[in-house]
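Accompanying notes for the structure given below.
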Amino acid sequence: MWALIRKEVRGFLSSVIGYVVIAVFLLLTGLFMWGFHGNLHVLDQGYATLSTLFYVAPWVFMFLVPAVTMRSFSEEKRTGTIELLFTRPLTDLQIILAKYAASVFLVILALIPTLIYYLSIYYLGNPVGNIDHGGTWGSYLGLLFLSAGFASIGIFSSAISENQVVAFILALFLCFFCYSGLEQIASFDLFGTLDRFIQQLGIAGHYDSMSRGVIDTRDVMYFVSLSGIFVVLTKTVLQSRKWS
């Protein structure tokens with residue numbers, strides 16, 4: 001399994017897509033934080049905070065994570081190497097987890113350079129270091145869980161279709177629906193007492209909760225369950241090849 005993870009990571013880093021994802025993520029978040037003047041600009045806010053990064057990053061990852069995962073199984077199906085992949089001495093679940101772990105690893109690589117933003121805000125504070133450390137690290141953890149959830153959705157979408165564009169669009173739709181769509185549905189007050197439950201099914205509320213610096217086990221379990229559900233769905237899709 002570790003050999004497959006290393007192979008997937010090398011595949012990302014030996015092609016342009018891995019570097020493009022990291023560069024685009026840093027460019028977009030950097031522009032919103034330091035380039036575009038307005039409510040999101042760090043210096044225009046008047047206080048030391050990384051809130052812009054943690055507001056913009058989920059929307060950026062909503063596009064970039066599906067771009068990373070869209071070729072996970074779609075490319076294997078298109079080139080006909082998927083059957084060769086399943087001849088390895090690994091279970092379907094191990095193969096899925098290897099591709100999933102490699103995708104999450106690339107997201108972590110994209111997040112590491114943003115620590116420069118943290119240091120910048122740290123020294124811009126008055127006095128130096130006047131920053132909400134708990135909220136900041138809670139937001140980083142929440143962002144990691146969120147991107148891991150997006151990665152599981154992307155892997156599932158890639159397993160459904162051998163067309164990478166279709167896999168990307170499906171993953172983008174599902175990521176948006178899970179992040180914001182369910183919360184929007186709940187805001188319409190159509191289902192009475194169920195509205196609160198529908199809202200809790202969405203990612204945004206749990207991500208915002210972790211961003212306040214309080215790590216609630218319910219939020220952690222939500223993200224673990226979200227990733228687990230889509231990993232199981234991916235396994236079901238791949239196993240369906242044996243039904244015919």
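By convention in this document, the chains of the structure tokens carry letters A, B, ... by their order, each chain's residues are numbered from 1, and ligands are numbered from 1 in the order they are shown.
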Considering only C-alpha atoms, tabulate each residue of stretch 134-216 of chain A that lies at most 7 Å from stretch 85-105 of chain A along with its nearest interatomic pair and the corresponding distance in Å to one decimal; arrange the rows by chain and ascending residue number and present them as CSV.
```
residue,atom,partner,partner_atom,distance
A:Ala148,CA,A:Val104,CA,5.8
A:Ala151,CA,A:Ser103,CA,6.4
A:Ser152,CA,A:Tyr100,CA,6.5
A:Ile155,CA,A:Tyr100,CA,6.7
```
Restrict the calculation to only C-alpha atoms, then for each residue of stretch 81-171 of chain A with any atom at most 10 Å from an atom of stretch 199-217 of chain A give the closest atom pair and their distance in Å to one decimal, rows by chain and rising residue number, as CSV.
```
residue,atom,partner,partner_atom,distance
A:Asp132,CA,A:Gly213,CA,8.6
A:His133,CA,A:Gly213,CA,8.1
A:Gly134,CA,A:Gly213,CA,4.7
A:Gly135,CA,A:Gly213,CA,3.8
A:Thr136,CA,A:Gly213,CA,6.9
A:Trp137,CA,A:Gly213,CA,6.9
A:Gly138,CA,A:Gly213,CA,4.4
A:Ser139,CA,A:Ser211,CA,4.0
A:Tyr140,CA,A:Ser211,CA,7.7
A:Leu141,CA,A:Met210,CA,7.5
A:Gly142,CA,A:Tyr207,CA,5.4
A:Leu143,CA,A:Tyr207,CA,7.2
A:Leu144,CA,A:Tyr207,CA,9.8
A:Phe145,CA,A:Tyr207,CA,8.3
A:Leu146,CA,A:Tyr207,CA,7.0
A:Gly149,CA,A:Ile203,CA,8.8
A:Phe150,CA,A:Ile203,CA,9.9
```
## Note on the structure
Counting only C-alpha atoms, closest pick from A:Arg6, A:Leu53, A:Gly154, A:Leu64 relative to A:Val166 is A:Gly154
### Query
Please, what distance in Å, to one decimal, runs between atom CA of A:Ile112 and atom CA of A:Val231?
25.5 Å
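Every protein, DNA or RNA residue with an atom at most 9 Å from A:Phe32, where only C-alpha atoms count and chain neighbours fewer than 6 positions away do not, is listed here: A:Gly38, A:Leu40, A:His41, A:Val42, A:Thr52, A:Leu53, A:Val56.
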Atoms to include: N, CA and C atoms. Write the selected residues as a short mmCIF file (atom, residue, chain, number, x, y, z; two decimals), in the first residue's frame.
```cif
data_model
loop_
_atom_site.label_atom_id
_atom_site.label_comp_id
_atom_site.auth_asym_id
_atom_site.auth_seq_id
_atom_site.Cartn_x
_atom_site.Cartn_y
_atom_site.Cartn_z
N GLY A 38 -9.98 45.77 -0.08
CA GLY A 38 -11.38 45.58 0.27
C GLY A 38 -11.49 44.93 1.63
N LEU A 40 -11.49 41.91 2.49
CA LEU A 40 -10.67 40.73 2.71
C LEU A 40 -9.18 41.04 2.80
N HIS A 41 -8.79 42.24 2.42
CA HIS A 41 -7.38 42.62 2.45
C HIS A 41 -6.90 42.73 3.90
N VAL A 42 -5.77 42.08 4.20
CA VAL A 42 -5.27 42.01 5.58
C VAL A 42 -5.05 43.40 6.16
N THR A 52 -9.12 35.82 6.23
CA THR A 52 -9.26 35.83 4.77
C THR A 52 -8.83 34.50 4.17
N LEU A 53 -7.69 33.99 4.63
CA LEU A 53 -7.20 32.70 4.14
C LEU A 53 -8.23 31.61 4.36
N VAL A 56 -11.39 32.12 2.06
CA VAL A 56 -11.17 31.90 0.63
C VAL A 56 -10.78 30.46 0.32
#
```
#### Entry: Nearest to A:Ser120 by atom-to-atom distance, counting only C-alpha atoms, from A:Leu27, A:Leu50, A:Val165, A:Val9
A:Leu50
Within 10 Å of A:Ile121 using only C-alpha atoms, minus same-chain residues under 6 positions, as a PDB file with N, CA and C atoms, in the first residue's frame:
```pdb
ATOM      1  N   VAL A  42      -5.773  42.076   4.202  1.00  0.00           N
ATOM      2  CA  VAL A  42      -5.274  42.011   5.577  1.00  0.00           C
ATOM      3  C   VAL A  42      -5.047  43.400   6.159  1.00  0.00           C
ATOM      4  N   LEU A  43      -4.382  44.268   5.411  1.00  0.00           N
ATOM      5  CA  LEU A  43      -4.037  45.589   5.938  1.00  0.00           C
ATOM      6  C   LEU A  43      -5.254  46.498   6.054  1.00  0.00           C
ATOM      7  N   TYR A  47      -6.743  44.645  11.862  1.00  0.00           N
ATOM      8  CA  TYR A  47      -6.320  43.798  12.980  1.00  0.00           C
ATOM      9  C   TYR A  47      -5.692  42.528  12.419  1.00  0.00           C
ATOM     10  N   ALA A  48      -4.852  41.917  13.235  1.00  0.00           N
ATOM     11  CA  ALA A  48      -4.061  40.765  12.789  1.00  0.00           C
ATOM     12  C   ALA A  48      -4.910  39.502  12.794  1.00  0.00           C
ATOM     13  N   THR A  49      -5.231  39.026  11.610  1.00  0.00           N
ATOM     14  CA  THR A  49      -6.039  37.818  11.497  1.00  0.00           C
ATOM     15  C   THR A  49      -5.788  37.131  10.161  1.00  0.00           C
ATOM     16  N   LEU A  50      -5.947  35.825  10.165  1.00  0.00           N
ATOM     17  CA  LEU A  50      -5.836  35.031   8.938  1.00  0.00           C
ATOM     18  C   LEU A  50      -7.219  34.632   8.423  1.00  0.00           C
ATOM     19  N   LEU A 115       2.115  28.967   5.946  1.00  0.00           N
ATOM     20  CA  LEU A 115       2.661  29.324   7.259  1.00  0.00           C
ATOM     21  C   LEU A 115       3.422  30.647   7.182  1.00  0.00           C
ATOM     22  N   VAL A 128       3.576  42.608  18.813  1.00  0.00           N
ATOM     23  CA  VAL A 128       3.939  41.440  18.005  1.00  0.00           C
ATOM     24  C   VAL A 128       3.399  40.168  18.664  1.00  0.00           C
ATOM     25  N   GLY A 129       2.772  39.327  17.865  1.00  0.00           N
ATOM     26  CA  GLY A 129       2.223  38.081  18.391  1.00  0.00           C
ATOM     27  C   GLY A 129       0.773  38.195  18.810  1.00  0.00           C
ATOM     28  N   ASN A 130       0.165  39.368  18.586  1.00  0.00           N
ATOM     29  CA  ASN A 130      -1.226  39.580  18.986  1.00  0.00           C
ATOM     30  C   ASN A 130      -2.163  38.977  17.930  1.00  0.00           C
ATOM     31  N   ILE A 131      -2.270  37.672  17.978  1.00  0.00           N
ATOM     32  CA  ILE A 131      -3.082  36.924  17.025  1.00  0.00           C
ATOM     33  C   ILE A 131      -3.791  35.799  17.768  1.00  0.00           C
TER      34      ILE A 131
END
```
